file protein-v9.txt (compact mmCIF, C-alpha atoms)
# COMPACT_ATOMS: atom_id res chain seq x y z
CA MET A 1 -14.60 -97.18 -31.11
CA ARG A 2 -14.00 -96.17 -27.51
CA LEU A 3 -16.73 -93.57 -27.20
CA LYS A 4 -20.15 -95.02 -26.46
CA GLU A 5 -23.35 -93.07 -26.99
CA LEU A 6 -25.43 -92.29 -23.89
CA GLU A 7 -29.17 -91.76 -24.04
CA ILE A 8 -30.58 -88.38 -23.08
CA ASP A 9 -34.28 -88.32 -22.22
CA PRO A 10 -35.68 -85.85 -24.80
CA SER A 11 -38.65 -84.83 -22.65
CA THR A 12 -36.56 -83.78 -19.65
CA MET A 13 -33.12 -83.44 -21.31
CA ARG A 14 -31.69 -85.50 -18.43
CA LEU A 15 -28.83 -87.93 -18.53
CA GLU A 16 -28.76 -90.89 -16.16
CA VAL A 17 -25.58 -92.90 -15.61
CA ASP A 18 -25.23 -95.70 -13.08
CA ILE A 19 -21.69 -95.08 -11.85
CA MET A 20 -21.62 -98.41 -10.04
CA GLU A 21 -21.82 -100.23 -13.41
CA GLN A 22 -18.73 -98.42 -14.74
CA LYS A 23 -15.28 -99.92 -14.28
CA GLY A 24 -12.39 -97.70 -13.19
CA SER A 25 -12.16 -94.08 -14.27
CA PHE A 26 -14.30 -92.67 -17.04
CA ALA A 27 -15.20 -89.40 -18.72
CA ILE A 28 -18.52 -88.13 -20.05
CA VAL A 29 -18.44 -85.58 -22.88
CA VAL A 30 -21.57 -83.58 -23.74
CA CYS A 31 -21.98 -81.38 -26.84
CA ASP A 32 -24.93 -80.34 -29.04
CA GLY A 33 -27.45 -82.45 -27.13
CA LYS A 34 -25.35 -85.61 -27.48
CA ALA A 35 -23.51 -87.38 -24.68
CA LYS A 36 -20.77 -89.99 -24.95
CA ILE A 37 -18.85 -91.94 -22.32
CA THR A 38 -15.36 -93.39 -22.50
CA GLU A 39 -13.16 -95.40 -20.17
CA LEU A 40 -9.89 -93.66 -19.31
CA PRO A 41 -6.62 -95.52 -19.93
CA PRO A 42 -4.58 -96.73 -16.91
CA HIS A 43 -1.51 -94.78 -18.14
CA GLY A 44 -1.77 -91.97 -20.65
CA GLU A 45 -3.61 -88.84 -21.68
CA THR A 46 -7.10 -88.27 -23.00
CA LYS A 47 -7.51 -84.97 -24.84
CA ILE A 48 -10.83 -83.40 -25.78
CA ILE A 49 -10.29 -81.32 -28.92
CA THR A 50 -12.72 -78.47 -29.54
CA HIS A 51 -13.30 -76.11 -32.46
CA GLN A 52 -15.52 -73.03 -32.28
CA GLY A 53 -16.95 -74.13 -28.95
CA LYS A 54 -17.88 -77.63 -30.09
CA VAL A 55 -16.22 -80.99 -29.47
CA LYS A 56 -14.44 -82.18 -32.64
CA ARG A 57 -12.67 -85.31 -31.39
CA VAL A 58 -11.29 -87.16 -28.39
CA LYS A 59 -7.66 -88.30 -28.66
CA PHE A 60 -6.02 -91.01 -26.60
CA ASP A 61 -2.27 -91.17 -25.97
CA GLU A 62 -1.44 -94.28 -23.97
CA GLY A 63 1.75 -95.56 -22.46
CA GLU A 64 2.95 -98.43 -20.38
CA GLU A 65 5.25 -98.29 -17.38
CA PHE A 66 8.66 -99.93 -17.84

call {"tool": "encode", "arguments": {"input": "protein-v9.txt", "output": "structure tokens"}}
result
Amino acid sequence: MRLKELEIDPSTMRLEVDIMEQKGSFAIVVCDGKAKITELPPHGETKIITHQGKVKRVKFDEGEEF
């Protein structure tokens, strides 16, 4: 699974991410008090699909240069 759960401090509702630990480009998706992080592909699209204002899924469409 590409999405990894991030911890949110319940007392402050804060999210801390050390961006220096992350490799390359990444995206953080937050919905309903949950946060997840994913690395973005070098070539392709990452779509965040929502339904009724909530995140339903994250789709990856990757390609490779010829």

call {"tool": "closest_atom_pairs", "arguments": {"input": "protein-v9.txt", "of": "segment 9-33 of chain A", "to": "segment 38-53 of chain A", "cutoff": "9 Å", "atoms": "only C-alpha atoms", "output": "CSV"}}
result
residue,atom,partner,partner_atom,distance
A:Gln22,CA,A:Glu39,CA,8.3
A:Lys23,CA,A:Glu39,CA,7.7
A:Gly24,CA,A:Glu39,CA,7.4
A:Ser25,CA,A:Leu40,CA,5.5
A:Phe26,CA,A:Glu39,CA,4.3
A:Ala27,CA,A:Thr38,CA,5.5
A:Ile28,CA,A:Thr38,CA,6.6
A:Val29,CA,A:Thr38,CA,8.4

call {"tool": "atom_distance", "arguments": {"input": "protein-v9.txt", "atom1": "atom CA of Glu16 of chain A", "atom2": "atom CA of Ile37 of chain A"}}
result
11.7 Å

call {"tool": "atom_distance", "arguments": {"input": "protein-v9.txt", "atom1": "atom CA of Lys59 of chain A", "atom2": "atom CA of Lys34 of chain A"}}
result
17.9 Å

call {"tool": "residues_around", "arguments": {"input": "protein-v9.txt", "residues": "segment 6-11 of chain A", "least_positions_apart": "4", "cutoff": "7 Å", "atoms": "all atoms listed in the file", "output": "number ranges by chain"}}
result
A: 15, 35-37

call {"tool": "atom_distance", "arguments": {"input": "protein-v9.txt", "atom1": "atom CA of Phe60 of chain A", "atom2": "atom CA of Lys4 of chain A"}}
result
14.7 Å

call {"tool": "residues_around", "arguments": {"input": "protein-v9.txt", "residues": "Cys31 of chain A", "least_positions_apart": "6", "cutoff": "10 Å", "atoms": "only C-alpha atoms", "output": "PyMOL selection string"}}
result
chain A and resi 53-56

call {"tool": "axis_aligned_box", "arguments": {"input": "protein-v9.txt", "around": "segment 35-40 of chain A", "padding_each_side": "8 Å", "output": "AutoDock Vina command-line options"}}
result
--center_x -16.7 --center_y -91.4 --center_z -22.1 --size_x 29.6 --size_y 24.0 --size_z 21.6
